[in-house]
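Q: Following this line is structure_13.cif, made up of mmCIF, C-alpha atoms:
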```cif
data_start
#
loop_
_atom_site.label_atom_id
_atom_site.label_comp_id
_atom_site.auth_asym_id
_atom_site.auth_seq_id
_atom_site.Cartn_x
_atom_site.Cartn_y
_atom_site.Cartn_z
CA MET A 283 0.00 0.00 0.00
CA SER A 284 1.47 3.36 -1.02
CA SER A 285 2.01 6.18 1.44
CA SER A 286 -0.61 8.31 -0.33
CA VAL A 287 -3.22 5.58 0.01
CA ARG A 288 -2.40 5.15 3.71
CA ALA A 289 -2.66 8.90 4.24
CA GLY A 290 -6.00 9.02 2.42
CA LEU A 291 -7.39 6.15 4.48
CA SER A 292 -6.20 7.86 7.66
CA GLY A 293 -8.01 11.06 6.72
CA ALA A 294 -11.20 9.24 5.75
CA LEU A 295 -11.22 7.25 8.99
CA GLY A 296 -10.56 10.35 11.05
CA MET A 297 -13.47 12.17 9.39
CA THR A 298 -15.66 9.12 9.98
CA PHE A 299 -15.03 9.49 13.72
CA VAL A 300 -15.87 13.17 13.49
CA GLY A 301 -19.07 12.59 11.51
CA GLY A 302 -20.18 9.87 13.90
CA SER A 303 -19.78 12.27 16.83
CA VAL A 304 -22.79 14.37 15.80
CA ALA A 305 -25.26 12.13 17.60
CA VAL A 306 -22.94 11.71 20.58
CA SER A 307 -22.44 15.45 21.02
CA GLY A 308 -26.21 15.86 21.35
CA VAL A 309 -26.02 13.99 24.65
CA LEU A 310 -24.02 16.88 26.15
CA VAL A 311 -26.48 19.64 25.26
CA ASP A 312 -27.51 20.19 28.88
CA ALA A 313 -24.13 19.38 30.43
CA PRO A 314 -21.56 22.01 31.56
CA LEU A 315 -19.93 22.59 28.20
CA TYR A 316 -16.55 24.04 29.15
CA THR A 317 -15.96 21.51 31.91
CA ALA A 318 -16.87 18.68 29.55
CA GLN A 319 -14.45 19.98 26.93
CA ALA A 320 -11.69 20.39 29.52
CA LEU A 321 -12.10 16.75 30.56
CA ARG A 322 -12.28 15.64 26.94
CA TYR A 323 -8.98 17.24 25.97
CA ALA A 324 -7.24 16.31 29.23
CA VAL A 325 -8.15 12.63 28.78
CA ALA A 326 -7.13 12.74 25.10
CA CYS A 327 -3.78 14.34 25.95
CA ALA A 328 -3.09 11.70 28.63
CA MET A 329 -3.88 8.93 26.15
CA LEU A 330 -1.61 10.45 23.50
CA LEU A 331 1.23 10.80 26.00
CA GLY A 332 0.78 7.18 27.01
CA TRP A 333 0.86 6.06 23.39
CA ILE A 334 4.00 8.06 22.66
CA ARG A 335 5.76 6.57 25.67
CA LEU A 336 4.58 3.05 24.83
CA THR A 337 5.83 3.28 21.25
CA GLY A 338 9.10 4.98 22.17
CA ARG A 339 8.44 8.03 20.02
CA ALA A 340 10.09 11.36 20.79
CA LEU A 341 7.97 14.26 22.02
CA ARG A 342 9.77 17.48 21.15
CA ARG A 343 9.47 20.62 23.19
CA PRO A 344 8.22 23.57 21.10
CA ARG A 345 10.69 26.36 20.54
CA GLY A 346 10.53 29.88 19.23
CA SER A 347 7.58 30.59 16.95
CA GLU A 348 6.35 27.00 17.28
CA TRP A 349 4.69 27.96 20.55
CA LEU A 350 2.64 30.57 18.72
CA TRP A 351 1.64 28.19 15.91
CA LEU A 352 0.55 25.45 18.32
CA LEU A 353 -1.28 27.90 20.57
CA SER A 354 -3.05 29.33 17.51
CA VAL A 355 -4.24 25.85 16.51
CA SER A 356 -5.69 25.33 20.00
CA VAL A 357 -7.28 28.75 20.28
CA SER A 358 -8.88 28.67 16.84
CA GLY A 359 -9.52 25.03 16.06
CA LEU A 360 -10.40 23.75 19.52
CA VAL A 361 -11.48 26.51 21.91
CA LEU A 362 -12.96 29.31 19.80
CA PHE A 363 -14.48 26.78 17.41
CA ASN A 364 -16.52 25.18 20.21
CA VAL A 365 -17.46 28.55 21.70
CA ALA A 366 -18.63 29.73 18.27
CA LEU A 367 -20.77 26.61 17.87
CA VAL A 368 -22.48 27.25 21.21
CA HIS A 369 -23.17 30.94 20.62
CA GLY A 370 -23.92 30.42 16.95
CA SER A 371 -26.58 27.83 17.73
CA ARG A 372 -28.55 30.55 19.55
CA HIS A 373 -28.81 32.61 16.37
CA ALA A 374 -28.65 30.04 13.58
CA GLU A 375 -30.02 26.63 12.77
CA PRO A 376 -27.48 23.79 12.96
CA ALA A 377 -27.45 23.44 9.18
CA VAL A 378 -26.05 26.97 8.83
CA LEU A 379 -23.05 26.15 11.00
CA ALA A 380 -22.62 22.82 9.22
CA VAL A 381 -22.55 24.57 5.86
CA ALA A 382 -19.83 26.90 7.20
CA VAL A 383 -17.71 23.85 8.00
CA ALA A 384 -18.52 22.40 4.57
CA GLY A 385 -16.76 25.33 2.92
CA VAL A 386 -13.42 24.45 4.50
CA PRO A 387 -12.14 22.23 1.64
CA VAL A 388 -12.02 25.26 -0.64
CA ALA A 389 -10.01 27.24 1.93
CA LEU A 390 -7.55 24.39 2.41
CA ALA A 391 -7.18 23.89 -1.34
CA ALA A 392 -6.47 27.61 -1.85
CA VAL A 393 -4.29 28.44 1.18
CA GLY A 394 -2.75 25.11 2.14
CA PRO A 395 -0.42 24.83 -0.89
CA LEU A 396 0.91 28.34 -0.25
CA LEU A 397 1.99 27.31 3.25
CA GLU A 398 3.60 24.20 1.76
CA GLY A 399 5.65 26.15 -0.75
CA HIS A 400 3.78 25.77 -4.04
CA ARG A 401 0.83 27.21 -5.91
CA PRO A 402 -2.73 25.88 -5.60
CA ARG A 403 -3.75 23.43 -8.33
CA ALA A 404 -6.84 24.12 -10.40
CA ARG A 405 -7.88 20.45 -10.27
CA ILE A 406 -7.84 20.38 -6.46
CA LEU A 407 -9.70 23.69 -6.26
CA ALA A 408 -12.40 22.36 -8.59
CA ALA A 409 -12.65 19.12 -6.61
CA ALA A 410 -12.95 21.11 -3.36
CA GLY A 411 -15.83 23.08 -4.86
CA VAL A 412 -17.64 19.87 -5.81
CA VAL A 413 -17.09 18.35 -2.35
CA THR A 414 -18.32 21.54 -0.68
CA ALA A 415 -21.45 21.62 -2.84
CA GLY A 416 -22.18 17.99 -2.02
CA ALA A 417 -21.68 18.56 1.71
CA MET A 418 -24.03 21.53 1.65
CA ILE A 419 -26.72 19.43 -0.01
CA VAL A 420 -26.25 16.61 2.51
CA GLN A 421 -26.56 18.97 5.46
CA GLY A 422 -29.17 21.34 4.08
CA ILE A 423 -29.31 25.09 4.42
CA GLY A 424 -30.97 26.60 7.48
CA ARG A 425 -31.99 30.04 8.62
CA CYS A 426 -30.09 32.55 10.75
CA ASP A 427 -29.98 36.18 11.79
CA SER A 428 -27.04 38.55 11.28
CA LEU A 429 -25.28 37.37 14.45
CA GLY A 430 -25.80 33.77 13.38
CA LEU A 431 -24.11 34.53 10.07
CA LEU A 432 -21.19 36.16 11.89
CA TRP A 433 -20.75 33.14 14.15
CA ALA A 434 -20.92 30.87 11.10
CA LEU A 435 -18.01 32.80 9.58
CA VAL A 436 -16.09 32.36 12.83
CA VAL A 437 -16.79 28.62 12.71
CA PHE A 438 -15.51 28.50 9.14
CA ALA A 439 -12.29 30.37 9.97
CA CYS A 440 -11.63 28.28 13.08
CA GLU A 441 -12.17 24.99 11.29
CA ALA A 442 -9.79 26.02 8.53
CA GLY A 443 -7.27 27.21 11.11
CA PHE A 444 -7.24 23.79 12.77
CA THR A 445 -5.45 22.42 9.70
CA LEU A 446 -3.69 25.42 8.16
CA LEU A 447 -2.06 26.67 11.35
CA ALA A 448 -0.64 23.21 12.02
CA VAL A 449 1.14 22.95 8.66
CA PRO A 450 4.30 24.87 9.72
CA VAL A 451 4.89 22.62 12.76
CA LEU A 452 3.88 19.21 11.41
CA GLY A 453 7.31 18.64 9.91
CA ARG A 454 9.19 18.80 13.21
CA HIS A 455 6.57 17.62 15.70
CA GLY A 456 4.63 15.12 13.60
CA PRO A 457 0.93 14.26 14.03
CA GLN A 458 1.38 12.92 17.57
CA GLY A 459 3.38 15.91 18.78
CA VAL A 460 0.99 18.47 17.33
CA SER A 461 -1.96 16.58 18.84
CA VAL A 462 -0.36 16.42 22.30
CA HIS A 463 0.57 20.09 22.49
CA THR A 464 -2.73 21.38 21.12
CA THR A 465 -4.80 19.20 23.45
CA TRP A 466 -3.01 20.23 26.63
CA PHE A 467 -3.33 23.86 25.58
CA ALA A 468 -7.05 23.34 25.01
CA ALA A 469 -7.54 21.43 28.28
CA ALA A 470 -5.94 24.30 30.23
CA MET A 471 -7.98 26.99 28.49
CA PHE A 472 -11.28 25.13 28.88
CA ALA A 473 -10.48 24.44 32.52
CA VAL A 474 -10.13 28.17 33.15
CA LEU A 475 -13.38 28.87 31.28
CA GLY A 476 -15.15 26.08 33.15
CA VAL A 477 -14.08 27.17 36.61
CA SER A 478 -14.85 30.83 35.93
CA THR A 479 -18.28 30.32 34.35
CA GLU A 480 -19.56 26.93 35.56
CA GLY A 481 -17.93 26.57 38.97
CA TRP A 482 -15.50 24.20 40.62
CA TRP A 483 -18.01 21.38 41.03
CA ALA A 484 -19.55 21.43 37.56
CA ALA A 485 -18.25 17.93 36.83
CA SER A 486 -20.51 16.54 39.56
CA ASP A 487 -23.48 17.31 37.28
CA PHE A 488 -22.41 14.70 34.73
CA ASP A 489 -24.49 11.54 34.54
CA ALA A 490 -23.42 8.19 33.08
CA GLY A 491 -24.48 9.20 29.57
CA ASP A 492 -22.43 12.38 29.77
CA VAL A 493 -19.35 10.47 30.91
CA LEU A 494 -19.67 7.98 28.06
CA ALA A 495 -20.11 10.79 25.54
CA ILE A 496 -17.05 12.63 26.87
CA GLY A 497 -15.11 9.37 26.70
CA TYR A 498 -16.01 8.82 23.05
CA LEU A 499 -15.13 12.41 22.15
CA ALA A 500 -11.81 12.11 23.98
CA VAL A 501 -10.80 8.77 22.49
CA GLY A 502 -12.35 8.60 19.03
CA VAL A 503 -12.84 12.20 17.97
CA THR A 504 -9.72 13.66 19.61
CA ALA A 505 -6.87 11.25 20.42
CA VAL A 506 -7.46 8.97 17.43
CA ALA A 507 -9.01 11.35 14.89
CA PHE A 508 -6.46 14.14 15.45
CA VAL A 509 -3.50 11.84 14.77
CA LEU A 510 -5.24 10.31 11.76
CA TRP A 511 -6.09 13.71 10.32
CA TYR A 512 -2.68 15.27 10.80
CA SER A 513 -1.07 12.14 9.35
CA CYS A 514 -3.26 12.66 6.29
CA VAL A 515 -2.33 16.34 6.03
CA ARG A 516 1.37 15.53 6.25
CA GLY A 517 1.05 12.73 3.69
CA LEU A 518 -1.21 14.35 1.09
CA GLY A 519 -0.75 18.05 1.72
CA ALA A 520 -3.43 20.31 3.18
CA GLY A 521 -5.19 20.89 -0.16
CA ARG A 522 -5.84 17.25 -1.06
CA ALA A 523 -6.44 16.25 2.57
CA GLY A 524 -9.14 18.91 2.83
CA LEU A 525 -11.24 17.02 0.30
CA LEU A 526 -11.63 14.18 2.78
CA SER A 527 -13.48 16.43 5.20
CA GLY A 528 -16.45 15.69 2.93
CA VAL A 529 -16.51 12.22 4.50
CA ALA A 530 -17.77 13.69 7.80
CA PRO A 531 -21.29 14.67 6.66
CA VAL A 532 -21.63 11.32 4.89
CA ALA A 533 -20.69 9.52 8.12
CA ALA A 534 -23.17 11.69 10.02
CA ALA A 535 -25.93 10.79 7.59
CA ALA A 536 -25.06 7.10 7.84
CA THR A 537 -25.06 7.27 11.64
CA GLY A 538 -28.55 8.76 11.56
CA ILE A 539 -30.02 5.71 9.83
CA PRO A 540 -29.97 3.35 12.85
CA LEU A 541 -30.83 6.20 15.22
CA THR A 542 -33.89 7.44 13.33
CA GLY A 543 -34.89 4.30 11.45
CA TYR A 544 -35.17 6.26 8.21
CA ALA A 545 -32.98 6.25 5.12
CA PRO A 546 -31.64 9.61 3.89
CA ALA A 547 -33.89 11.57 1.51
CA ALA A 548 -33.13 11.79 -2.19
CA PRO A 549 -31.25 15.13 -1.99
CA VAL A 550 -28.86 13.62 0.57
CA TRP A 551 -27.99 10.83 -1.88
CA VAL A 552 -27.34 13.46 -4.55
CA GLY A 553 -25.02 15.27 -2.16
CA ILE A 554 -23.20 12.03 -1.33
CA ALA A 555 -22.73 11.36 -5.05
CA LEU A 556 -21.26 14.85 -5.50
CA ILE A 557 -18.85 14.31 -2.61
CA ALA A 558 -17.75 11.01 -4.13
CA SER A 559 -17.24 12.73 -7.50
CA GLY A 560 -15.16 15.48 -5.89
CA LEU A 561 -13.00 12.92 -4.08
CA ALA A 562 -12.46 11.00 -7.32
CA LEU A 563 -11.53 14.21 -9.14
CA GLY A 564 -9.08 15.42 -6.52
CA LEU A 565 -7.61 12.14 -5.31
CA GLY A 566 -7.66 10.17 -8.55
CA ARG A 567 -4.62 8.73 -10.24
CA SER A 568 -3.95 11.79 -12.37
CA SER A 569 -3.53 13.93 -9.26
CA SER A 570 -1.68 11.36 -7.18
CA GLY A 571 1.67 12.72 -8.22
CA GLN A 572 1.33 15.48 -5.65
CA SER A 573 1.91 14.04 -2.23
CA GLY A 574 2.82 15.56 1.09
CA TYR A 575 5.68 17.94 1.76
CA ARG A 576 8.68 17.63 3.95
CA LEU A 577 11.08 19.97 5.69
CA VAL A 578 14.27 20.73 3.84
CA PRO A 579 17.03 18.80 5.72
CA HIS A 580 19.34 21.78 6.34
CA MET A 581 16.39 23.75 7.68
CA ILE A 582 15.62 20.94 10.12
CA ARG A 583 19.18 21.07 11.42
CA ALA A 584 18.93 24.83 11.75
CA GLY A 585 15.68 24.45 13.69
CA VAL A 586 13.62 26.58 11.33
CA PRO A 587 10.00 25.38 11.27
CA GLY A 588 7.61 25.71 8.41
CA ILE A 589 10.08 25.84 5.51
CA LEU A 590 8.66 23.27 3.17
CA ARG A 591 9.39 21.94 -0.26
CA GLY A 592 7.48 19.88 -2.77
CA PRO A 593 7.50 16.11 -3.13
CA SER A 594 10.73 14.36 -3.92
CA THR A 595 11.65 13.43 -7.47
CA SER A 596 9.49 10.64 -8.81
CA CYS A 597 10.83 7.16 -9.52
CA ASN A 598 10.62 7.75 -13.26
CA ASP A 599 12.59 10.99 -12.99
CA ARG A 600 15.27 9.35 -10.87
CA GLU A 601 15.61 6.53 -13.39
CA ALA A 602 15.94 9.05 -16.21
CA HIS A 603 18.69 10.88 -14.32
CA ARG A 604 20.50 7.58 -13.71
CA VAL A 605 20.35 6.62 -17.40
CA ARG A 606 21.63 10.02 -18.47
CA ALA A 607 24.46 9.86 -15.94
CA SER A 608 25.41 6.39 -17.19
CA SER A 609 25.44 7.52 -20.80
CA ARG A 610 27.65 10.51 -19.94
CA SER A 611 30.15 8.32 -18.05
CA SER A 612 30.29 5.86 -20.94
CA ASP A 613 31.09 8.68 -23.33
#
```
In structure tokens, how does this file's structure come out?
A:
Amino acid sequence: MSSSVRAGLSGALGMTFVGGSVAVSGVLVDAPLYTAQALRYAVACAMLLGWIRLTGRALRRPRGSEWLWLLSVSVSGLVLFNVALVHGSRHAEPAVLAVAVAGVPVALAAVGPLLEGHRPRARILAAAGVVTAGAMIVQGIGRCDSLGLLWALVVFACEAGFTLLAVPVLGRHGPQGVSVHTTWFAAAMFAVLGVSTEGWWAASDFDAGDVLAIGYLAVGVTAVAFVLWYSCVRGLGAGRAGLLSGVAPVAAAATGIPLTGYAPAAPVWVGIALIASGLALGLGRSSSGQSGYRLVPHMIRAGVPGILRGPSTSCNDREAHRVRASSRSSD
């Protein structure tokens, strides 16, 4: 199995966990939100640390501007994102916020390549548009007021930031390192929010269902899904990886079948077909030549994060160079 296929499967599986969390998150509607999130990220961070120690991997301490990048991922993609969902839901129907998230593939396809050191590709941009259109159809379009629209824009920016702001530090810290540092940042920030707004004893309000929901969010949607997603981003690049976020609404629709007892309506199937078409367009064989990006070796030694270059020379190119070198030496 090629590295690109493994990265794609990692991204799809990670988004499946995220899509399946829609029903689980509904259990926590009446629970102390900030305290629940603090526990979620604390448990996830502890699990990730245990996994790193068990596997003998190195956990690097952030240095210089890496602190700012990692903190930005936590603030935007974890803390502000969840706050925006809560406040946005008071002014907008859930579908509005879901559509905001659905627009993220286009942002990743446009901005991600710039952070990775190359120009966006028209094929990936077109595929992102198709995936976004399909996701919007799957989720529907709701109603909102002006504040709801503003919060939806915040949700969009934060969801895009979760991936884009991690690109400069993925090379040195890897998926596990980025996940560990962002989760402990988030756990600390949510703990402060929880204590200040919900009180010291808010966790005593959790019932068994709340605890199970927090456990699933901590294990599946955070510890596992974060590593899977960042592995995908590092392997495929942010632009192509962003297409796989279209798997989340499909997983959410599939999860709803056993819960509601009803199959998705016809428009949902149309949206799913569009998402599949966008994935085929952007991840098909003709676009597989563009894989992830890696740090330039001398920049790694110098400790400069975020300096990226394109994929290494392909096998065919290397063979051509070898043949030409042989012919020159024989002359």
Q: Check which residues satisfy the PyMOL selection byres ((chain A and resi 446-451) around 10) in the file shown, then give them as a PyMOL selection string.
A: chain A and resi 344+347-356+358-359+389-390+393-395+397-398+440-445+452-457+459-461+464+512+515-516+519-521+575+577+586-590
Q: I'd like to see the residues matched by the PyMOL selection byres ((chain A and resi 545-549) around 10) on this file, and ideally I'd get them as JSON, numbers by chain.
A: {"A": [416, 419, 420, 421, 422, 535, 536, 538, 539, 540, 542, 543, 544, 550, 551, 552, 553, 554, 555]}
Q: Take the residues from that selection and write them out as a compact mmCIF listing (two decimals), in the coordinates of the input, keeping C-alpha atoms.
A:
```txt
# COMPACT_ATOMS: atom_id res chain seq x y z
CA GLY A 416 -22.18 17.99 -2.02
CA ILE A 419 -26.72 19.43 -0.01
CA VAL A 420 -26.25 16.61 2.51
CA GLN A 421 -26.56 18.97 5.46
CA GLY A 422 -29.17 21.34 4.08
CA ALA A 535 -25.93 10.79 7.59
CA ALA A 536 -25.06 7.10 7.84
CA GLY A 538 -28.55 8.76 11.56
CA ILE A 539 -30.02 5.71 9.83
CA PRO A 540 -29.97 3.35 12.85
CA THR A 542 -33.89 7.44 13.33
CA GLY A 543 -34.89 4.30 11.45
CA TYR A 544 -35.17 6.26 8.21
CA VAL A 550 -28.86 13.62 0.57
CA TRP A 551 -27.99 10.83 -1.88
CA VAL A 552 -27.34 13.46 -4.55
CA GLY A 553 -25.02 15.27 -2.16
CA ILE A 554 -23.20 12.03 -1.33
CA ALA A 555 -22.73 11.36 -5.05
```
Q: For this structure, which residues satisfy the selection - the PyMOL selection byres ((chain A and resi 501-510) around 7) - when it is evaluated on the file as given? I want them as a PyMOL selection string.
A: chain A and resi 292-293+296+299-300+326+329-330+457-458+461+497-500+511-514
Q: Restricting the calculation to all atoms listed in the file: of A:Gly517, A:Gly524, A:Gly564, A:Gly301, which residue gets closest to Arg403 (chain A)?
A: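 Result for the nearest residue to Arg403 (chain A): A:Gly564.
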Q: Considering all atoms listed in the file, state which residue in the set A:Val306, A:Ala562, A:Ala434, A:Val325 is at the smallest distance from Val383 (chain A).
A: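 Counting all atoms listed in the file, the residue closest to Val383 (chain A) is A:Ala434.
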Q: Could you tell me how far CA of Val412 (chain A) sits from CA of Ser527 (chain A), in Å to one decimal place?
A: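 Going from CA of Ser527 (chain A) over to CA of Val412 (chain A), I get 12.3 Å.
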Q: Distance CA of Ala320 (chain A)-CA of Gly346 (chain A), one decimal place?
A: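 Atom-to-atom, CA of Ala320 (chain A) and CA of Gly346 (chain A) are spaced 26.3 Å apart.
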Q: Would you fill out region 476-487 of chain A with all heavy atoms and return it as a PDB file, in the frame of the given file?
A:
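What follows is the written file result30.pdb:
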```pdb
ATOM      1  N   GLY A 476     -14.198  26.858  32.363  1.00  0.00           N
ATOM      2  CA  GLY A 476     -15.150  26.080  33.150  1.00  0.00           C
ATOM      3  C   GLY A 476     -15.240  26.544  34.579  1.00  0.00           C
ATOM      4  O   GLY A 476     -16.343  26.729  35.134  1.00  0.00           O
ATOM      5  N   VAL A 477     -14.090  26.743  35.207  1.00  0.00           N
ATOM      6  CA  VAL A 477     -14.080  27.170  36.610  1.00  0.00           C
ATOM      7  C   VAL A 477     -14.683  28.556  36.762  1.00  0.00           C
ATOM      8  O   VAL A 477     -15.435  28.828  37.710  1.00  0.00           O
ATOM      9  CB  VAL A 477     -12.638  27.138  37.163  1.00  0.00           C
ATOM     10  CG1 VAL A 477     -12.568  27.820  38.528  1.00  0.00           C
ATOM     11  CG2 VAL A 477     -12.139  25.702  37.265  1.00  0.00           C
ATOM     12  N   SER A 478     -14.384  29.449  35.815  1.00  0.00           N
ATOM     13  CA  SER A 478     -14.850  30.830  35.930  1.00  0.00           C
ATOM     14  C   SER A 478     -16.327  31.011  35.598  1.00  0.00           C
ATOM     15  O   SER A 478     -16.966  31.941  36.106  1.00  0.00           O
ATOM     16  CB  SER A 478     -14.004  31.737  35.032  1.00  0.00           C
ATOM     17  OG  SER A 478     -14.116  31.331  33.677  1.00  0.00           O
ATOM     18  N   THR A 479     -16.876  30.144  34.771  1.00  0.00           N
ATOM     19  CA  THR A 479     -18.280  30.320  34.350  1.00  0.00           C
ATOM     20  C   THR A 479     -19.226  29.239  34.875  1.00  0.00           C
ATOM     21  O   THR A 479     -20.432  29.495  35.010  1.00  0.00           O
ATOM     22  CB  THR A 479     -18.391  30.355  32.820  1.00  0.00           C
ATOM     23  OG1 THR A 479     -17.930  29.108  32.279  1.00  0.00           O
ATOM     24  CG2 THR A 479     -17.544  31.484  32.240  1.00  0.00           C
ATOM     25  N   GLU A 480     -18.696  28.048  35.156  1.00  0.00           N
ATOM     26  CA  GLU A 480     -19.560  26.930  35.560  1.00  0.00           C
ATOM     27  C   GLU A 480     -19.314  26.463  37.002  1.00  0.00           C
ATOM     28  O   GLU A 480     -20.113  25.706  37.541  1.00  0.00           O
ATOM     29  CB  GLU A 480     -19.368  25.751  34.598  1.00  0.00           C
ATOM     30  CG  GLU A 480     -19.772  26.093  33.169  1.00  0.00           C
ATOM     31  CD  GLU A 480     -19.301  25.064  32.141  1.00  0.00           C
ATOM     32  OE1 GLU A 480     -18.472  24.202  32.498  1.00  0.00           O
ATOM     33  OE2 GLU A 480     -19.759  25.124  30.983  1.00  0.00           O
ATOM     34  N   GLY A 481     -18.210  26.910  37.581  1.00  0.00           N
ATOM     35  CA  GLY A 481     -17.930  26.570  38.970  1.00  0.00           C
ATOM     36  C   GLY A 481     -17.015  25.379  39.124  1.00  0.00           C
ATOM     37  O   GLY A 481     -16.811  24.596  38.201  1.00  0.00           O
ATOM     38  N   TRP A 482     -16.458  25.253  40.330  1.00  0.00           N
ATOM     39  CA  TRP A 482     -15.500  24.200  40.620  1.00  0.00           C
ATOM     40  C   TRP A 482     -16.113  22.808  40.550  1.00  0.00           C
ATOM     41  O   TRP A 482     -15.440  21.833  40.220  1.00  0.00           O
ATOM     42  CB  TRP A 482     -14.900  24.409  42.019  1.00  0.00           C
ATOM     43  CG  TRP A 482     -13.934  25.546  42.095  1.00  0.00           C
ATOM     44  CD1 TRP A 482     -14.206  26.835  42.475  1.00  0.00           C
ATOM     45  CD2 TRP A 482     -12.543  25.516  41.778  1.00  0.00           C
ATOM     46  NE1 TRP A 482     -13.078  27.609  42.402  1.00  0.00           N
ATOM     47  CE2 TRP A 482     -12.027  26.821  41.985  1.00  0.00           C
ATOM     48  CE3 TRP A 482     -11.680  24.510  41.329  1.00  0.00           C
ATOM     49  CZ2 TRP A 482     -10.696  27.143  41.767  1.00  0.00           C
ATOM     50  CZ3 TRP A 482     -10.349  24.832  41.124  1.00  0.00           C
ATOM     51  CH2 TRP A 482      -9.862  26.135  41.335  1.00  0.00           C
ATOM     52  N   TRP A 483     -17.387  22.701  40.890  1.00  0.00           N
ATOM     53  CA  TRP A 483     -18.010  21.380  41.030  1.00  0.00           C
ATOM     54  C   TRP A 483     -18.908  21.031  39.854  1.00  0.00           C
ATOM     55  O   TRP A 483     -19.795  20.200  39.967  1.00  0.00           O
ATOM     56  CB  TRP A 483     -18.823  21.318  42.333  1.00  0.00           C
ATOM     57  CG  TRP A 483     -18.011  21.689  43.539  1.00  0.00           C
ATOM     58  CD1 TRP A 483     -18.042  22.859  44.225  1.00  0.00           C
ATOM     59  CD2 TRP A 483     -17.002  20.884  44.151  1.00  0.00           C
ATOM     60  NE1 TRP A 483     -17.139  22.844  45.255  1.00  0.00           N
ATOM     61  CE2 TRP A 483     -16.476  21.629  45.232  1.00  0.00           C
ATOM     62  CE3 TRP A 483     -16.492  19.600  43.905  1.00  0.00           C
ATOM     63  CZ2 TRP A 483     -15.474  21.136  46.044  1.00  0.00           C
ATOM     64  CZ3 TRP A 483     -15.493  19.117  44.724  1.00  0.00           C
ATOM     65  CH2 TRP A 483     -14.997  19.872  45.774  1.00  0.00           C
ATOM     66  N   ALA A 484     -18.689  21.671  38.717  1.00  0.00           N
ATOM     67  CA  ALA A 484     -19.550  21.430  37.560  1.00  0.00           C
ATOM     68  C   ALA A 484     -19.510  19.972  37.117  1.00  0.00           C
ATOM     69  O   ALA A 484     -20.515  19.432  36.646  1.00  0.00           O
ATOM     70  CB  ALA A 484     -19.128  22.339  36.399  1.00  0.00           C
ATOM     71  N   ALA A 485     -18.369  19.318  37.273  1.00  0.00           N
ATOM     72  CA  ALA A 485     -18.250  17.930  36.830  1.00  0.00           C
ATOM     73  C   ALA A 485     -19.170  16.990  37.590  1.00  0.00           C
ATOM     74  O   ALA A 485     -19.500  15.908  37.093  1.00  0.00           O
ATOM     75  CB  ALA A 485     -16.795  17.457  36.973  1.00  0.00           C
ATOM     76  N   SER A 486     -19.603  17.398  38.774  1.00  0.00           N
ATOM     77  CA  SER A 486     -20.510  16.540  39.560  1.00  0.00           C
ATOM     78  C   SER A 486     -21.896  16.464  38.921  1.00  0.00           C
ATOM     79  O   SER A 486     -22.714  15.617  39.315  1.00  0.00           O
ATOM     80  CB  SER A 486     -20.620  17.070  40.991  1.00  0.00           C
ATOM     81  OG  SER A 486     -21.171  18.385  41.002  1.00  0.00           O
ATOM     82  N   ASP A 487     -22.176  17.331  37.956  1.00  0.00           N
ATOM     83  CA  ASP A 487     -23.480  17.310  37.280  1.00  0.00           C
ATOM     84  C   ASP A 487     -23.541  16.272  36.164  1.00  0.00           C
ATOM     85  O   ASP A 487     -24.613  16.027  35.614  1.00  0.00           O
ATOM     86  CB  ASP A 487     -23.789  18.696  36.690  1.00  0.00           C
ATOM     87  CG  ASP A 487     -23.975  19.759  37.762  1.00  0.00           C
ATOM     88  OD1 ASP A 487     -24.357  19.391  38.891  1.00  0.00           O
ATOM     89  OD2 ASP A 487     -23.731  20.950  37.467  1.00  0.00           O
TER      90      ASP A 487
END
```
